[in-house]
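S.K.: You'll find final.cif just under this line, and it carries mmCIF, C-alpha atoms.
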```cif
data_input
loop_
_atom_site.label_atom_id
_atom_site.label_comp_id
_atom_site.auth_asym_id
_atom_site.auth_seq_id
_atom_site.Cartn_x
_atom_site.Cartn_y
_atom_site.Cartn_z
CA MET A 6 -4.02 15.70 14.76
CA ILE A 7 -2.13 17.63 12.07
CA ASP A 8 1.51 18.02 13.03
CA ARG A 9 4.36 18.80 10.62
CA ILE A 10 3.41 19.95 7.13
CA SER A 11 5.45 20.79 4.01
CA ILE A 12 3.98 23.11 1.37
CA ARG A 13 5.27 24.23 -2.04
CA SER A 14 4.43 27.15 -4.30
CA ASN A 15 5.93 29.09 -7.21
CA LEU A 16 3.91 32.21 -6.45
CA LEU A 17 6.53 33.92 -4.26
CA PRO A 18 8.22 36.81 -6.11
CA GLU A 19 12.03 36.92 -6.05
CA ALA A 20 11.90 40.23 -4.17
CA ASP A 21 9.85 38.61 -1.38
CA TYR A 22 12.35 35.75 -1.11
CA ASP A 23 15.22 38.24 -0.80
CA ARG A 24 13.24 40.12 1.83
CA LEU A 25 12.80 36.91 3.82
CA LEU A 26 16.57 36.51 3.92
CA ALA A 27 16.78 39.84 5.73
CA LEU A 28 14.24 39.00 8.44
CA TYR A 29 15.47 39.37 12.01
CA SER A 30 14.25 35.86 12.79
CA PHE A 31 16.53 34.29 10.16
CA VAL A 32 18.90 32.12 12.19
CA ALA A 33 20.86 29.76 9.95
CA THR A 34 21.77 28.72 6.44
CA ILE A 35 21.45 24.95 6.14
CA ASP A 36 22.75 24.78 2.56
CA ALA A 37 22.92 26.97 -0.54
CA ASN A 38 19.14 26.88 -1.03
CA THR A 39 17.76 26.27 2.49
CA ILE A 40 17.36 28.71 5.37
CA LYS A 41 15.85 28.33 8.83
CA PHE A 42 13.76 30.80 10.84
CA ASN A 43 12.71 30.88 14.46
CA ILE A 44 9.08 31.64 15.26
CA TYR A 45 7.88 31.92 18.84
CA PRO A 46 4.53 30.38 19.80
CA VAL A 47 2.19 32.73 21.69
CA GLY A 48 3.31 33.02 25.33
CA ASN A 49 6.25 30.64 24.83
CA LYS A 50 9.95 31.47 25.09
CA ASN A 51 11.15 28.40 23.17
CA PRO A 52 11.29 29.04 19.40
CA ILE A 53 9.96 26.69 16.72
CA SER A 54 12.05 26.22 13.57
CA VAL A 55 10.56 26.88 10.15
CA CYS A 56 12.55 25.82 7.08
CA LEU A 57 12.30 27.56 3.73
CA LYS A 58 13.91 25.90 0.69
CA LYS A 59 14.35 27.31 -2.81
CA GLU A 60 13.75 24.51 -5.33
CA HIS A 61 14.01 24.15 -9.11
CA LYS A 62 11.88 26.26 -11.48
CA GLY A 63 11.38 28.95 -8.83
CA TYR A 64 9.40 26.77 -6.41
CA ILE A 65 9.57 27.56 -2.69
CA ARG A 66 9.05 24.86 -0.04
CA ILE A 67 8.11 25.76 3.54
CA THR A 68 8.14 23.12 6.29
CA PHE A 69 6.71 23.86 9.73
CA ASN A 70 5.09 22.10 12.67
CA ALA A 71 1.58 23.54 13.03
CA ARG A 72 0.90 21.91 16.41
CA LYS A 73 4.16 23.08 18.00
CA LEU A 74 3.77 26.53 16.45
CA TRP A 75 0.50 26.85 18.36
CA PHE A 76 1.21 25.03 21.64
CA GLY A 77 5.02 25.05 21.91
CA ALA A 78 7.69 22.38 21.51
CA LYS A 79 7.10 20.51 24.77
CA SER A 80 3.32 20.35 24.73
CA LEU A 81 1.48 17.08 24.08
CA LEU A 82 -1.80 18.82 23.29
CA ASP A 83 -3.78 18.04 20.15
CA LEU A 84 -4.80 20.63 17.53
CA ASN A 85 -8.38 21.15 16.48
CA LEU A 86 -9.34 22.69 13.14
CA GLN A 87 -9.63 26.27 14.39
CA GLN A 88 -6.24 26.10 16.11
CA PHE A 89 -4.69 24.71 12.93
CA LYS A 90 -6.09 27.67 10.99
CA GLU A 91 -4.73 30.11 13.57
CA SER A 92 -1.32 28.43 13.35
CA VAL A 93 -1.27 28.88 9.56
CA PHE A 94 -2.31 32.53 9.93
CA ARG A 95 0.49 33.04 12.45
CA LEU A 96 3.04 31.53 10.08
CA ALA A 97 2.05 33.97 7.31
CA ASN A 98 2.10 36.89 9.73
CA CYS A 99 5.51 36.06 11.24
CA LEU A 100 7.12 35.65 7.81
CA ASN A 101 5.31 38.76 6.58
CA LEU A 102 3.83 36.85 3.64
CA LYS A 103 0.42 37.28 2.07
CA LEU A 104 -2.02 34.76 3.54
CA SER A 105 -3.09 33.80 0.02
CA PHE A 106 0.45 32.57 -0.71
CA ILE A 107 0.21 30.06 2.17
CA LEU A 108 -3.42 29.07 1.54
CA ASN A 109 -2.87 28.37 -2.17
CA ALA A 110 0.38 26.45 -1.71
CA ASP A 111 0.36 22.72 -2.54
CA VAL A 112 0.68 20.26 0.34
CA ILE A 113 3.52 17.86 -0.49
CA LYS A 114 3.78 16.13 2.89
CA ILE A 115 1.59 16.08 5.98
CA GLU A 116 1.82 14.29 9.32
CA ILE A 117 -1.35 13.16 11.10
CA GLY A 118 -1.00 11.69 14.56
CA ALA A 119 -2.23 11.36 18.12
CA ASN A 120 -0.52 10.94 21.48
CA ILE A 121 -2.06 8.03 23.35
CA LYS A 122 -1.60 7.25 27.03
CA MET A 123 -1.07 3.51 27.34
CA PRO A 124 -1.60 1.28 30.38
CA GLU A 125 1.87 -0.23 29.90
CA HIS A 126 5.32 0.89 28.72
CA SER A 127 6.04 0.79 24.98
CA SER A 128 8.50 -2.09 25.42
CA SER A 129 5.54 -4.21 26.59
CA VAL A 130 3.34 -3.16 23.66
CA PHE A 131 5.70 -3.13 20.64
CA PRO A 132 6.23 -6.93 20.44
CA PHE A 133 2.48 -7.44 20.00
CA ILE A 134 1.84 -4.86 17.25
CA ALA A 135 1.26 -6.28 13.77
CA GLY A 136 -0.78 -5.43 10.69
CA HIS A 137 -0.05 -3.41 7.53
CA LYS A 138 1.83 -6.33 5.99
CA TYR A 139 1.82 -4.63 2.58
CA LEU A 140 4.27 -1.99 3.90
CA GLN A 141 7.98 -2.47 4.59
CA SER A 142 8.48 -3.09 8.30
CA VAL A 143 11.36 -1.62 10.30
CA THR A 144 11.52 -1.93 14.10
CA TYR A 145 13.73 0.05 16.49
CA PRO A 146 13.90 -0.17 20.32
CA ASN A 147 11.49 2.75 20.72
CA ALA A 148 9.73 2.89 17.35
CA ILE A 149 7.97 0.82 14.69
CA TYR A 150 7.92 1.95 11.05
CA ARG A 151 5.68 0.72 8.24
CA LYS A 152 7.11 2.33 5.09
CA GLY A 153 5.34 2.74 1.74
CA THR A 154 5.77 4.86 -1.39
CA GLN A 155 2.69 6.99 -0.68
CA TYR A 156 2.71 7.06 3.10
CA THR A 157 4.56 5.82 6.18
CA LEU A 158 3.05 4.72 9.50
CA ILE A 159 5.02 5.19 12.70
CA ILE A 160 4.41 4.21 16.31
CA TYR A 161 6.98 5.49 18.78
CA ASP A 162 7.62 6.26 22.43
CA LYS A 163 6.72 9.96 22.57
CA LEU A 164 8.42 10.67 25.89
CA ASN A 165 11.67 9.11 24.64
CA GLU A 166 11.76 11.59 21.76
CA ARG A 167 14.96 13.52 21.13
CA GLN A 168 15.50 16.75 19.23
CA TYR A 169 18.94 17.98 18.15
CA GLY A 170 20.44 15.23 20.31
CA LYS A 171 18.63 16.40 23.46
CA ARG A 172 15.73 14.75 25.28
CA VAL A 173 12.54 16.76 24.79
CA TYR A 174 10.80 15.46 27.93
CA ASN A 175 12.47 14.78 31.27
CA LYS A 176 12.94 11.41 32.94
CA ASN A 177 10.39 12.17 35.68
CA LEU A 178 7.69 12.46 33.03
CA GLN A 179 8.67 9.07 31.59
CA GLU A 180 8.29 7.46 34.98
CA ARG A 181 4.76 8.84 35.41
CA PHE A 182 3.28 8.27 31.95
CA ASN A 183 3.45 5.74 29.10
CA ILE A 184 2.63 7.67 25.93
CA LEU A 185 2.87 6.35 22.39
CA ARG A 186 2.50 8.50 19.29
CA PHE A 187 0.58 6.93 16.42
CA GLU A 188 1.56 8.93 13.32
CA ALA A 189 0.83 8.70 9.59
CA ARG A 190 3.01 10.63 7.13
CA LEU A 191 1.31 11.18 3.78
CA PHE A 192 3.39 12.13 0.73
CA TYR A 193 2.39 14.12 -2.35
CA GLN A 194 1.77 10.93 -4.35
CA HIS A 195 -1.02 9.82 -2.03
CA PRO A 196 -4.46 10.35 -3.66
CA LEU A 197 -5.83 11.98 -0.51
CA ILE A 198 -3.44 14.96 -0.63
CA HIS A 199 -2.41 14.96 -4.32
CA ARG A 200 -3.04 18.50 -5.60
CA MET A 201 -4.40 19.49 -2.20
CA THR A 202 -3.70 23.06 -1.04
CA VAL A 203 -3.52 24.33 2.53
CA GLN A 204 -7.01 25.76 2.11
CA ASP A 205 -8.16 22.29 1.01
CA VAL A 206 -6.83 20.93 4.30
CA PHE A 207 -9.29 23.25 6.06
CA ARG A 208 -12.14 21.86 3.96
CA ASN A 209 -11.07 18.21 4.23
CA TRP A 210 -9.98 18.14 7.86
CA ASN A 211 -12.17 15.20 8.85
CA SER A 212 -11.25 13.22 5.72
CA LEU A 213 -7.59 13.36 6.76
CA ILE A 214 -8.42 12.25 10.29
CA ASP A 215 -10.69 9.50 8.97
CA PHE A 216 -7.72 8.19 7.00
CA TRP A 217 -5.71 8.01 10.23
CA ILE A 218 -8.54 6.20 12.01
CA ARG A 219 -9.55 3.72 9.28
CA GLN A 220 -6.25 3.00 7.53
CA PHE A 221 -3.98 3.16 10.55
CA TYR A 222 -5.64 2.82 13.94
CA CYS A 223 -8.32 0.33 12.87
CA GLU A 224 -5.87 -1.73 10.78
CA ILE A 225 -3.42 -2.35 13.62
CA THR A 226 -3.61 -5.86 15.00
CA TYR A 227 -2.25 -7.01 18.33
CA ILE A 228 -0.71 -10.46 18.68
CA ASN A 229 -1.73 -12.30 21.85
CA GLN A 230 -3.97 -9.41 22.85
CA PRO A 231 -5.57 -9.54 26.30
CA VAL A 232 -8.68 -11.65 26.70
CA PHE A 233 -11.63 -9.69 28.04
CA ASP A 234 -14.67 -11.22 29.70
CA LEU A 235 -17.28 -8.56 28.99
CA LYS A 236 -19.55 -9.95 31.70
CA LYS A 237 -16.88 -9.28 34.34
CA CYS A 238 -14.95 -6.30 32.95
CA THR A 239 -14.82 -2.83 34.49
CA ALA A 240 -15.37 0.39 32.52
CA LYS A 241 -11.59 0.73 32.10
CA ASP A 242 -11.36 -2.88 30.88
CA PHE A 243 -14.10 -2.18 28.36
CA LYS A 244 -12.22 0.81 26.96
CA ASN A 245 -9.09 -1.32 26.60
CA TYR A 246 -11.21 -4.00 24.94
CA CYS A 247 -12.30 -1.42 22.34
CA PHE A 248 -8.75 -0.17 21.86
CA PHE A 249 -7.23 -3.58 21.14
CA ARG A 250 -9.95 -4.26 18.56
CA GLY A 251 -9.69 -0.91 16.82
CA ILE A 252 -13.23 0.11 17.76
CA CYS A 253 -14.09 3.81 17.56
CA CYS A 254 -16.85 5.44 19.55
CA ASN A 255 -18.95 5.84 16.38
CA ASP A 256 -18.85 2.11 15.56
CA ASN A 257 -21.87 -0.15 15.99
CA GLU A 258 -19.48 -2.76 17.39
CA LEU A 259 -19.02 -0.56 20.46
CA LEU A 260 -22.77 -0.57 21.15
CA PHE A 261 -22.84 -4.34 20.64
CA GLY A 262 -20.01 -4.75 23.16
CA LEU A 263 -21.77 -2.52 25.68
CA LYS A 264 -24.90 -4.66 25.51
CA ASN A 265 -22.86 -7.72 26.48
CA THR A 266 -21.41 -6.18 29.63
CA SER A 267 -22.88 -6.50 33.10
CA PHE A 268 -22.88 -2.72 33.57
CA SER A 269 -25.98 -1.15 35.02
CA PRO A 270 -28.22 0.72 32.55
CA LYS A 271 -27.03 3.97 34.13
CA ALA A 272 -23.36 3.08 33.60
CA ARG A 273 -23.99 2.00 30.00
CA ASN A 274 -25.79 5.24 29.23
CA ARG A 275 -22.99 7.25 30.82
CA ILE A 276 -20.31 5.54 28.68
CA LYS A 277 -22.48 5.82 25.55
CA SER A 278 -23.09 9.51 26.28
CA GLN A 279 -19.35 10.19 26.66
CA PHE A 280 -18.59 8.61 23.30
CA GLU A 281 -21.49 10.35 21.55
CA LYS A 282 -20.31 13.69 22.89
CA ALA A 283 -16.74 13.04 21.69
CA ASN A 284 -18.00 12.00 18.26
CA SER A 285 -20.19 15.10 17.98
CA LYS A 286 -17.26 17.39 18.85
CA TYR A 287 -15.06 15.60 16.30
CA ASN A 288 -17.69 15.96 13.56
CA ASN A 289 -17.81 19.70 14.28
CA GLY A 290 -14.08 20.14 13.66
CA ASP A 291 -12.80 19.65 17.19
CA SER A 292 -9.79 17.48 18.00
CA ILE A 293 -9.93 13.69 18.00
CA SER A 294 -9.94 13.72 21.80
CA GLY A 295 -12.06 10.89 23.14
CA LEU A 296 -12.94 9.44 19.75
CA ILE A 297 -10.90 6.32 20.47
CA PRO A 298 -12.53 4.81 23.56
CA GLY A 299 -9.58 2.67 24.60
CA THR A 300 -7.23 5.59 25.09
CA VAL A 301 -6.70 8.69 27.15
CA PHE A 302 -5.65 11.55 24.90
CA ILE A 303 -3.48 14.30 26.28
CA VAL A 304 -5.88 17.16 25.75
CA GLY A 305 -6.64 20.15 27.97
CA GLU A 306 -3.57 19.48 30.05
CA SER A 307 0.06 20.35 29.32
CA TYR A 308 2.70 18.10 30.86
CA LYS A 309 5.65 20.44 31.41
CA ASN A 310 9.19 19.66 32.48
#
```
For this file, produce the structure as structure tokens.

M.R.:
Amino acid sequence: MIDRISIRSNLLPEADYDRLLALYSFVATIDANTIKFNIYPVGNKNPISVCLKKEHKGYIRITFNARKLWFGAKSLLDLNLQQFKESVFRLANCLNLKLSFILNADVIKIEIGANIKMPEHSSSVFPFIAGHKYLQSVTYPNAIYRKGTQYTLIIYDKLNERQYGKRVYNKNLQERFNILRFEARLFYQHPLIHRMTVQDVFRNWNSLIDFWIRQFYCEITYINQPVFDLKKCTAKDFKNYCFFRGICCNDNELLFGLKNTSFSPKARNRIKSQFEKANSKYNNGDSISGLIPGTVFIVGESYKN
């Protein structure tokens, strides 16, 4: 769930900053105070960029993508808590910084998101997405933004994503899958991350994901959403029914919906068991995989070009 993260600290000695400038992985100077490094994910030949910026009063800001640092740039896999920790440890190791410097740094921006495989292309879904009326709305051909002062919500076509002007995923992948990314970007002013350190992210992992679920996923409304007859729907239809109503697998509303289907007791128990298992894994710090019953998360499988 956790993707890109920006952290800030004034605990880095000047000598350590100068030493960073001499690292072999230093690749570019963006401006007078910003430099970029390349770090290679384990077993991956494509580097991930890490930006380090020197700010006023001796503060240092580091921005990196924890998910890509662990899985690689072209993976759609989702991080769990342990993998996020390992990604942070790898960042400290690659930059030859003390782990305590990273762990005690303040989080000033964090992205929380999930890649969701949709039954239809984004162009068929975007016109029906509403909700979050209290945020400024901006719509592009392949993305929807809901902008606020404390956080921004974004829904975009993941496989249409471009980086440095180049398409990240090939056209063949787009023809086979319809994947939207549902992403929340929280800024330092937001009460949930205000004065939160990286170590606090470890402790409050589920609170951050709960924000994504309750304030983003569950608050989305769909205009002219499909009508489902629970007495006639299939298991797939039932999952889509839950998705379009923002029902999570730990909601009582899901159990109520199941009771109104014509599924056999065995089928109902199987679906209920799947959701209970996903919820248990999530509560134990695993990824959000399976928590949203109306979706198929890209987990355990890497779609490569």

S.K.: List as a ChimeraX atom specification the protein and nucleic acid residues near region 138-148 of chain A, meaning an atom at most 6 Å away when all atoms listed in the file are counted, but skip any in the same chain fewer than 3 places from it.

M.R.: /A:151-153,160-162

S.K.: Which residue out of A:Trp210, A:Asn120, A:Asn38, A:Asn43 has the minimum interatomic distance to Cys99 (chain A) when only C-alpha atoms are used?

M.R.: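 Among A:Trp210, A:Asn120, A:Asn38, A:Asn43, it is A:Asn43 that comes nearest to Cys99 (chain A).
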
S.K.: Pick from A:Leu96, A:Leu57, A:Leu108, A:Leu84: nearest to Phe207 (chain A), with all atoms listed in the file counted?

M.R.: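 Of A:Leu96, A:Leu57, A:Leu108, A:Leu84, the one nearest Phe207 (chain A), counting all atoms listed in the file, is A:Leu108.
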
S.K.: Just how far from CA of Lys241 (chain A) is CA of Arg275 (chain A), in Å to one decimal?

M.R.: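 Straight-line distance from CA of Arg275 (chain A) to CA of Lys241 (chain A) works out to 13.2 Å.
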
S.K.: List the spatial neighbours of Lys73 (chain A) as a list of chain:residue names - criterion: any atom at most 10 Å away, all atoms listed in the file, same-chain residues fewer than 6 positions off excluded.

M.R.: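 Final neighbour list, sorted by chain and number: A:Asp8, A:Arg9, A:Tyr45, A:Pro46, A:Pro52, A:Ile53, A:Ser54, A:Lys79, A:Ser80, A:Leu81, A:Leu82, A:Asp83, A:Leu84, A:Ser92.
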
S.K.: Between CA of Trp75 (chain A) and CA of Phe94 (chain A), what is the distance in Å, rounded to a tenth?

M.R.: 10.5 Å

S.K.: Give as a PyMOL selection string the residues that the PyMOL selection byres ((chain A and resi 155) around 10) matches when applied to the coordinates above.

M.R.: chain A and resi 114+152-154+156-157+190-197

S.K.: Could you check which residues have any atom within 9 Å of (-1.3, -2.5, 10.1), counting all atoms listed in the file with coordinates taken straight from the file, and then list them as a ChimeraX atom specification?

M.R.: /A:134-140,151,158,220-226

S.K.: As an exercise, work out the distance from CA of Phe243 (chain A) to CA of Phe280 (chain A) in Å and give it to one decimal place.

M.R.: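 Interatomic distance here is 12.7 Å.
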